[in-house]
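So this block is data_36.csv, CSV, C-alpha atoms:
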chain,number,residue,atom,x,y,z
N,19,MET,CA,0.0,0.0,0.0
N,20,LYS,CA,0.9,3.6,-0.4
N,21,ILE,CA,0.4,5.1,3.1
N,22,LEU,CA,0.3,8.8,4.1
N,23,VAL,CA,1.5,9.3,7.6
N,24,THR,CA,0.8,12.8,8.9
N,25,GLY,CA,3.1,13.8,11.8
N,26,ALA,CA,5.5,11.2,10.6
N,27,CYS,CA,8.5,13.0,12.0
N,28,GLY,CA,7.0,13.2,15.5
N,29,TYR,CA,7.4,10.9,18.5
N,30,LYS,CA,5.2,8.1,17.3
N,31,GLY,CA,5.7,8.7,13.6
N,32,SER,CA,9.5,8.3,13.8
N,33,VAL,CA,8.9,4.8,15.2
N,34,LEU,CA,5.9,3.9,13.0
N,35,THR,CA,7.4,4.9,9.6
N,36,PRO,CA,10.4,2.5,9.7
N,37,LYS,CA,8.0,-0.3,10.6
N,38,LEU,CA,5.8,0.4,7.6
N,39,LEU,CA,8.8,0.5,5.3
N,40,GLU,CA,10.0,-2.9,6.7
N,41,ARG,CA,6.7,-4.4,5.7
N,42,GLY,CA,7.2,-3.2,2.2
N,43,HIS,CA,4.8,-0.3,2.1
N,44,GLU,CA,5.4,2.9,0.3
N,45,VAL,CA,5.3,5.7,2.8
N,46,VAL,CA,4.7,9.4,2.3
N,47,ALA,CA,5.9,11.1,5.5
N,48,PHE,CA,4.2,14.5,5.9
N,49,ASP,CA,5.2,16.8,8.8
N,50,ILE,CA,5.7,20.5,9.5
N,51,MET,CA,9.0,19.5,11.3
N,52,TRP,CA,8.7,21.8,14.3
N,53,PHE,CA,10.9,19.3,16.1
N,54,GLY,CA,13.1,18.3,13.2
N,55,ASN,CA,13.3,15.3,11.0
N,56,HIS,CA,14.9,12.1,12.3
N,57,LEU,CA,13.8,9.7,9.6
N,58,ALA,CA,16.5,7.7,7.8
N,59,PRO,CA,16.4,7.8,4.0
N,60,HIS,CA,14.7,4.8,2.3
N,61,PRO,CA,13.9,4.0,-1.3
N,62,LYS,CA,10.2,3.7,-0.5
N,63,LEU,CA,10.1,6.8,1.7
N,64,THR,CA,9.1,10.3,0.5
N,65,ILE,CA,9.4,13.0,3.1
N,66,VAL,CA,7.3,16.1,2.5
N,67,LYS,CA,7.6,19.2,4.7
N,68,GLY,CA,4.2,20.9,5.0
N,69,ASP,CA,1.4,22.3,7.1
N,70,VAL,CA,-1.6,20.0,7.6
N,71,ARG,CA,-3.7,23.1,7.9
N,72,GLN,CA,-3.0,23.9,4.2
N,73,LEU,CA,-4.8,21.1,2.4
N,74,ASP,CA,-3.1,21.9,-0.9
N,75,GLN,CA,0.2,20.9,0.7
N,76,VAL,CA,-1.0,17.4,1.7
N,77,PRO,CA,0.2,14.9,-0.9
N,78,LEU,CA,-2.8,12.6,-1.4
N,79,ASP,CA,-2.1,11.4,-5.0
N,80,GLY,CA,-2.2,7.6,-5.2
N,81,VAL,CA,-2.6,7.2,-1.4
N,82,ASP,CA,-4.4,4.0,-0.3
N,83,ALA,CA,-4.5,4.7,3.5
N,84,VAL,CA,-3.9,7.6,5.9
N,85,VAL,CA,-2.5,7.3,9.4
N,86,HIS,CA,-3.3,10.7,10.9
N,87,LEU,CA,-0.9,11.5,13.8
N,88,SER,CA,-0.6,15.2,13.4
N,89,SER,CA,-1.8,17.4,16.3
N,90,VAL,CA,-0.6,19.9,18.8
N,91,ALA,CA,0.4,17.3,21.4
N,92,ASN,CA,-0.2,17.5,25.2
N,93,ASP,CA,-2.2,19.9,27.3
N,94,PRO,CA,0.4,22.6,28.0
N,95,CYS,CA,1.2,23.0,24.3
N,96,SER,CA,-2.4,23.2,23.4
N,97,ASP,CA,-3.1,25.8,26.0
N,98,LEU,CA,-0.2,27.9,24.7
N,99,ASP,CA,-2.2,28.7,21.6
N,100,PRO,CA,-5.8,27.4,21.7
N,101,LYS,CA,-6.5,28.8,18.2
N,102,LEU,CA,-3.6,26.9,16.7
N,103,THR,CA,-4.7,23.8,18.5
N,104,TRP,CA,-8.2,23.8,17.1
N,105,GLU,CA,-6.8,24.6,13.6
N,106,VAL,CA,-4.3,21.8,13.6
N,107,SER,CA,-6.0,19.1,15.7
N,108,CYS,CA,-9.6,19.6,14.6
N,109,LEU,CA,-10.2,21.8,11.5
N,110,ALA,CA,-7.3,20.2,9.6
N,111,THR,CA,-8.6,16.7,10.5
N,112,MET,CA,-12.0,17.6,9.1
N,113,GLN,CA,-10.5,19.0,5.9
N,114,LEU,CA,-8.3,16.0,5.5
N,115,ALA,CA,-11.2,13.5,6.0
N,116,ASP,CA,-13.3,15.3,3.5
N,117,ALA,CA,-10.5,15.4,0.9
N,118,CYS,CA,-9.9,11.6,1.4
N,119,ALA,CA,-13.6,10.9,1.0
N,120,ARG,CA,-13.8,12.9,-2.2
N,121,ARG,CA,-10.7,11.0,-3.6
N,122,LYS,CA,-12.2,7.7,-2.5
N,123,ILE,CA,-9.3,6.9,-0.1
N,124,SER,CA,-11.0,4.1,1.8
N,125,ARG,CA,-8.7,3.7,4.9
N,126,PHE,CA,-8.3,6.3,7.7
N,127,ILE,CA,-6.6,5.6,11.0
N,128,TYR,CA,-6.8,8.4,13.6
N,129,ALA,CA,-4.7,8.9,16.7
N,130,SER,CA,-7.0,10.3,19.3
N,131,SER,CA,-6.2,10.2,23.0
N,132,GLY,CA,-7.3,8.3,26.1
N,133,SER,CA,-7.4,11.7,27.9
N,134,VAL,CA,-10.8,12.4,26.3
N,135,TYR,CA,-12.3,10.7,29.3
N,136,GLY,CA,-11.0,13.3,31.7
N,137,VAL,CA,-11.5,12.4,35.3
N,138,SER,CA,-13.3,9.1,35.9
N,139,GLU,CA,-13.9,7.1,39.1
N,140,GLU,CA,-15.0,4.0,37.1
N,141,PRO,CA,-12.8,1.0,37.7
N,142,LYS,CA,-12.6,0.4,34.0
N,143,VAL,CA,-13.3,3.0,31.3
N,144,VAL,CA,-14.6,1.5,28.1
N,145,GLU,CA,-15.1,3.1,24.7
N,146,ASP,CA,-18.8,4.1,25.2
N,147,ALA,CA,-18.1,5.9,28.5
N,148,LEU,CA,-19.1,9.5,28.8
N,149,LEU,CA,-16.4,11.8,27.4
N,150,THR,CA,-15.6,14.8,29.7
N,151,PRO,CA,-12.5,16.4,28.1
N,152,LEU,CA,-10.8,19.0,30.4
N,153,SER,CA,-8.4,20.8,28.1
N,154,GLU,CA,-8.3,22.2,24.6
N,155,TYR,CA,-6.2,19.2,23.5
N,156,ASN,CA,-8.8,16.7,24.8
N,157,LYS,CA,-11.7,18.7,23.3
N,158,THR,CA,-10.2,18.8,19.9
N,159,LYS,CA,-9.6,15.1,19.9
N,160,MET,CA,-13.2,14.4,20.9
N,161,VAL,CA,-14.6,16.7,18.2
N,162,ALA,CA,-12.3,15.3,15.6
N,163,GLU,CA,-13.4,11.8,16.5
N,164,ARG,CA,-17.0,12.7,15.9
N,165,VAL,CA,-16.2,14.4,12.6
N,166,LEU,CA,-14.4,11.2,11.4
N,167,LEU,CA,-17.2,8.9,12.5
N,168,SER,CA,-19.6,10.8,10.3
N,169,TYR,CA,-17.6,9.5,7.3
N,170,SER,CA,-18.0,5.8,8.4
N,171,GLU,CA,-20.3,5.0,5.5
N,172,VAL,CA,-17.7,6.1,2.9
N,173,MET,CA,-14.4,5.3,4.6
N,174,ASN,CA,-13.0,2.6,6.9
N,175,ILE,CA,-12.5,4.6,10.1
N,176,GLN,CA,-10.3,3.2,12.8
N,177,ILE,CA,-9.9,5.5,15.9
N,178,VAL,CA,-7.3,4.7,18.6
N,179,ARG,CA,-7.5,6.3,22.0
N,180,PRO,CA,-3.9,5.7,23.3
N,181,ALA,CA,-2.8,5.7,26.8
N,182,THR,CA,0.2,7.9,27.7
N,183,VAL,CA,3.0,6.6,25.4
N,184,CYS,CA,6.5,5.8,26.8
N,185,GLY,CA,9.8,4.6,25.5
N,186,LEU,CA,12.5,5.4,23.0
N,187,SER,CA,12.1,7.2,19.7
N,188,GLN,CA,14.5,8.9,17.3
N,189,ARG,CA,12.3,12.0,18.0
N,190,MET,CA,12.3,11.6,21.7
N,191,ARG,CA,9.8,13.1,24.2
N,192,LEU,CA,10.9,13.7,27.8
N,193,ASP,CA,7.6,15.5,28.8
N,194,VAL,CA,5.5,12.4,29.4
N,195,ALA,CA,5.5,10.7,32.8
N,196,VAL,CA,7.7,7.6,32.4
N,197,ASN,CA,10.2,9.3,30.2
N,198,LEU,CA,10.4,12.5,32.2
N,199,LEU,CA,10.9,10.7,35.6
N,200,THR,CA,13.4,8.3,34.1
N,201,MET,CA,15.6,11.1,32.8
N,202,GLN,CA,15.3,13.0,36.1
N,203,ALA,CA,16.4,10.0,38.0
N,204,ALA,CA,19.3,9.3,35.8
N,205,LYS,CA,20.5,12.9,35.5
N,206,ASN,CA,19.7,14.4,38.9
N,207,GLY,CA,19.2,11.5,41.2
N,208,VAL,CA,15.9,13.0,42.2
N,209,MET,CA,12.4,12.7,40.7
N,210,THR,CA,9.7,15.3,41.2
N,211,VAL,CA,6.3,13.7,41.4
N,212,LEU,CA,3.3,16.0,41.1
N,213,GLY,CA,0.4,14.6,43.0
N,214,GLY,CA,1.3,11.0,42.6
N,215,LYS,CA,-2.1,9.4,43.3
N,216,GLN,CA,-3.5,10.0,39.8
N,217,THR,CA,-3.9,6.7,38.0
N,218,ARG,CA,-3.0,6.9,34.3
N,219,PRO,CA,-2.9,4.2,31.6
N,220,ASN,CA,0.4,3.7,29.8
N,221,ILE,CA,1.5,2.0,26.6
N,222,HIS,CA,5.0,1.3,25.2
N,223,ILE,CA,5.8,3.2,21.9
N,224,ASP,CA,6.5,-0.1,20.2
N,225,ASP,CA,3.1,-1.4,21.1
N,226,ILE,CA,1.1,1.6,19.9
N,227,THR,CA,3.0,1.7,16.6
N,228,ASP,CA,2.5,-2.0,16.2
N,229,LEU,CA,-1.2,-1.4,16.7
N,230,TYR,CA,-1.3,1.1,13.8
N,231,VAL,CA,0.4,-1.6,11.6
N,232,TYR,CA,-2.1,-4.2,13.0
N,233,LEU,CA,-5.1,-2.1,12.1
N,234,LEU,CA,-3.7,-1.5,8.6
N,235,ASP,CA,-3.5,-5.3,8.2
N,236,ASN,CA,-7.0,-5.8,9.7
N,237,PRO,CA,-9.5,-3.3,8.1
N,238,LYS,CA,-12.4,-5.4,9.4
N,239,TYR,CA,-11.9,-3.9,12.8
N,240,VAL,CA,-13.5,-0.5,12.7
N,241,GLY,CA,-14.7,2.2,15.2
N,242,VAL,CA,-13.0,3.3,18.4
N,243,PHE,CA,-10.5,1.3,20.4
N,244,ASN,CA,-8.8,2.1,23.7
N,245,ALA,CA,-5.1,1.2,23.8
N,246,GLY,CA,-3.6,1.1,27.2
N,247,PHE,CA,-2.5,-1.9,29.1
N,248,GLU,CA,-1.0,-0.6,32.5
N,249,ASN,CA,-3.1,1.5,34.7
N,250,ILE,CA,-0.7,2.7,37.4
N,251,SER,CA,-0.2,5.8,39.5
N,252,ILE,CA,2.5,8.3,38.9
N,253,LEU,CA,4.0,7.4,42.3
N,254,ASP,CA,4.1,3.7,41.2
N,255,ILE,CA,6.0,4.7,38.1
N,256,ALA,CA,8.5,6.6,40.2
N,257,SER,CA,8.9,3.7,42.5
N,258,LEU,CA,9.7,1.4,39.6
N,259,ILE,CA,12.4,3.8,38.5
N,260,GLN,CA,13.7,4.2,42.0
N,261,SER,CA,14.1,0.4,42.3
N,262,ARG,CA,16.5,0.6,39.4
N,263,THR,CA,18.3,3.8,40.1
N,264,GLY,CA,18.1,4.5,43.8
N,265,ALA,CA,16.9,8.1,43.0
N,266,GLU,CA,15.0,10.1,45.6
N,267,ILE,CA,11.3,10.8,45.1
N,268,LYS,CA,10.2,14.4,45.9
N,269,MET,CA,6.5,14.9,46.3
N,270,MET,CA,4.8,18.1,45.1
N,271,PRO,CA,1.2,19.2,44.7
N,272,SER,CA,-0.4,18.9,41.2
N,273,ASN,CA,-2.9,21.0,39.4
N,274,ASP,CA,-3.6,18.2,36.9
N,275,PRO,CA,-6.5,16.1,38.2
N,276,ARG,CA,-6.8,13.7,35.3
N,277,SER,CA,-7.2,10.1,36.6
N,278,TYR,CA,-8.7,7.2,34.8
N,279,ARG,CA,-8.2,3.5,34.0
N,280,LEU,CA,-8.5,2.5,30.4
N,281,ASP,CA,-10.1,-0.9,29.6
N,282,SER,CA,-8.8,-2.3,26.3
N,283,THR,CA,-10.8,-5.5,26.3
N,284,LYS,CA,-12.4,-4.5,23.0
N,285,LEU,CA,-9.0,-4.3,21.3
N,286,LEU,CA,-7.6,-7.4,23.0
N,287,ASN,CA,-10.7,-9.3,21.7
N,288,THR,CA,-9.5,-8.6,18.1
N,289,GLY,CA,-6.3,-10.6,18.8
N,290,PHE,CA,-3.9,-7.8,19.3
N,291,ARG,CA,-1.4,-8.3,22.1
N,292,PRO,CA,1.2,-5.9,23.6
N,293,LYS,CA,4.8,-7.1,23.8
N,294,LYS,CA,6.3,-4.5,26.1
N,295,ASN,CA,5.5,-2.5,29.2
N,296,VAL,CA,6.5,0.4,31.4
N,297,GLU,CA,9.4,-1.5,32.9
N,298,THR,CA,10.7,-2.2,29.4
N,299,ALA,CA,10.6,1.5,28.6
N,300,ILE,CA,12.4,2.4,31.8
N,301,ASP,CA,15.2,-0.2,31.2
N,302,GLU,CA,15.6,0.8,27.5
N,303,MET,CA,15.9,4.5,28.4
N,304,LEU,CA,18.4,3.9,31.2
N,305,ASP,CA,20.5,1.8,28.8
N,306,ALA,CA,20.4,4.6,26.2
N,307,ILE,CA,21.3,7.3,28.8
N,308,LYS,CA,24.2,5.2,30.0
N,309,THR,CA,25.6,4.8,26.6
N,310,GLY,CA,25.1,8.4,25.6
N,311,ALA,CA,22.5,7.5,22.9
N,312,LEU,CA,19.9,9.6,24.8
N,313,ILE,CA,20.8,13.0,26.3
N,314,ASP,CA,18.6,15.6,27.9
N,315,SER,CA,17.7,18.4,25.5
N,316,ASP,CA,15.0,21.1,25.2
N,317,GLN,CA,14.1,19.7,21.8
N,318,TRP,CA,12.6,16.7,23.5
N,319,TYR,CA,10.2,18.8,25.5
N,320,ASN,CA,7.3,20.0,23.3
N,321,LEU,CA,6.4,23.0,25.4
N,322,LYS,CA,9.9,24.3,25.9
N,323,TRP,CA,10.5,24.0,22.1
N,324,MET,CA,7.2,25.6,21.1
N,325,GLN,CA,7.8,28.5,23.5
N,326,ARG,CA,10.8,29.4,21.2
N,327,GLY,CA,8.2,30.1,18.5
N,328,VAL,CA,9.1,27.2,16.2
N,329,GLU,CA,5.4,27.0,15.1
N,330,LYS,CA,5.3,30.6,13.8
I'd like the structure from this file rewritten - as structure tokens, please.
Amino acid sequence: MKILVTGACGYKGSVLTPKLLERGHEVVAFDIMWFGNHLAPHPKLTIVKGDVRQLDQVPLDGVDAVVHLSSVANDPCSDLDPKLTWEVSCLATMQLADACARRKISRFIYASSGSVYGVSEEPKVVEDALLTPLSEYNKTKMVAERVLLSYSEVMNIQIVRPATVCGLSQRMRLDVAVNLLTMQAAKNGVMTVLGGKQTRPNIHIDDITDLYVYLLDNPKYVGVFNAGFENISILDIASLIQSRTGAEIKMMPSNDPRSYRLDSTKLLNTGFRPKKNVETAIDEMLDAIKTGALIDSDQWYNLKWMQRGVEK
């Protein structure tokens, strides 16, 4: 297949794209490259720098399937410029879906977010649970989902609500819980845990990118799927890291109340199985830090980088 991956140079896209190429697909990697391009050249890879908000820049010729990863990622970045967030994460998604439908592109995979559930006391949050998004980021994901589902009669729509992703990527992120705390422990010997009691679902970056590949291989599975396999507290994550590094845990209050437990039974019932976990991500990161393959850098923190005005 010829697959368009939007956000292909981002955290997940930089892991997904090589996997698609390994399977023999032709990949068009489309990205605005606010955070650079870390994709290696490949004879079946075409890299296009462009803005997903500008539909005429999106290369759809000959495309069989779209994996739509582009968004302004995480709550702080979305709050930095709400207008930009709605344009990129919602309006552009609507425009892209409409263009795909008009071109009779039949496959569309969308990366939503498990955070659309907001705060939930339910022991297991399933796909038909009430959505109570708290931030601009969460709200744009919810609205984009609804827009895409309106195209279900003309396109094969597969929506994934991932847990918080962790693990190594060529375009690293150190502003997500597992990655952030692991770097703090290795670099400073101290981890700052905000709140700590919030329960959050997690998924290894290899598992979420394997899932996108799995859905491409299995078009019969349509609709919305939770993707998170470890519901653990922030403090539990810090404790796992402490057991490996001996780092101190410093507790601080948090203004982020999000707490929920994803139930991914629907996805597991399709036959998909995760292969890694939070502990794998921690160990892989610590090894990379030890060898110097991973260093702390502002480029790996979305908010710090965007505050430099890279999106202007």
Could you give me, as a CSV table (one decimal) with C-alpha atoms, keeping the file's coordinate frame, the residues within 8 Å of N:Tyr155, counting only C-alpha atoms and dropping anything in the same chain fewer than 3 positions from it?
chain,number,residue,atom,x,y,z
N,90,VAL,CA,-0.6,19.9,18.8
N,91,ALA,CA,0.4,17.3,21.4
N,92,ASN,CA,-0.2,17.5,25.2
N,93,ASP,CA,-2.2,19.9,27.3
N,96,SER,CA,-2.4,23.2,23.4
N,97,ASP,CA,-3.1,25.8,26.0
N,103,THR,CA,-4.7,23.8,18.5
N,107,SER,CA,-6.0,19.1,15.7
N,158,THR,CA,-10.2,18.8,19.9
N,159,LYS,CA,-9.6,15.1,19.9
Here's a test: counting all atoms listed in the file, identify every protein, DNA and RNA residue with an atom at most 12 Å from (6.2, 11.1, 34.6) in the file's coordinate frame, and state them as a PyMOL selection string. chain N and resi 182-185+191-203+209-214+216-220+250-259+267+296+300
Would you list the contacts of stretch 279-291 of chain N as a ChimeraX atom specification, taking every protein, DNA or RNA residue within 10 Å and counting all atoms listed in the file, but skipping same-chain residues closer than 2 positions in sequence? /N:132-133,135,137-145,178-181,216-220,225,228-229,232-233,236,238-239,242-251,277,293-294
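A straight line drawn from atom CA of N:Val165 to atom CA of N:Leu234 is 20.6 Å long.
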Between N:Met269, N:Met160, N:Val70, N:Ile123, smallest distance to N:Met19 by only C-alpha atoms belongs to N:Ile123
Sphere at (9.0, 19.2, 26.9), radius 10 Å, counting only C-alpha atoms: residues as a ChimeraX atom specification: /N:92,94-95,190-194,198,315-325
Give me the residues near N:Ser187 as a ChimeraX atom specification, where near means some atom within 12 Å (using only C-alpha atoms) and where sequence neighbours in that chain fewer than 2 positions away do not count. /N:26-36,55-57,183-185,189-192,197,222-224,227,299,302-303,306,311-312,318
Suppose you want the space between atom CA of N:Ile177 and atom CA of N:Phe53; what is it in Å?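 Between atom CA of N:Ile177 and atom CA of N:Phe53 the gap works out to 25.0 Å.
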Pick the closest to N:Asn156 from N:Ile127, N:Tyr169, N:Gly54, N:Cys108: which is it, counting all atoms listed in the file? N:Cys108
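Between atom CA of N:Gly327 and atom CA of N:His86 the separation is 23.8 Å.
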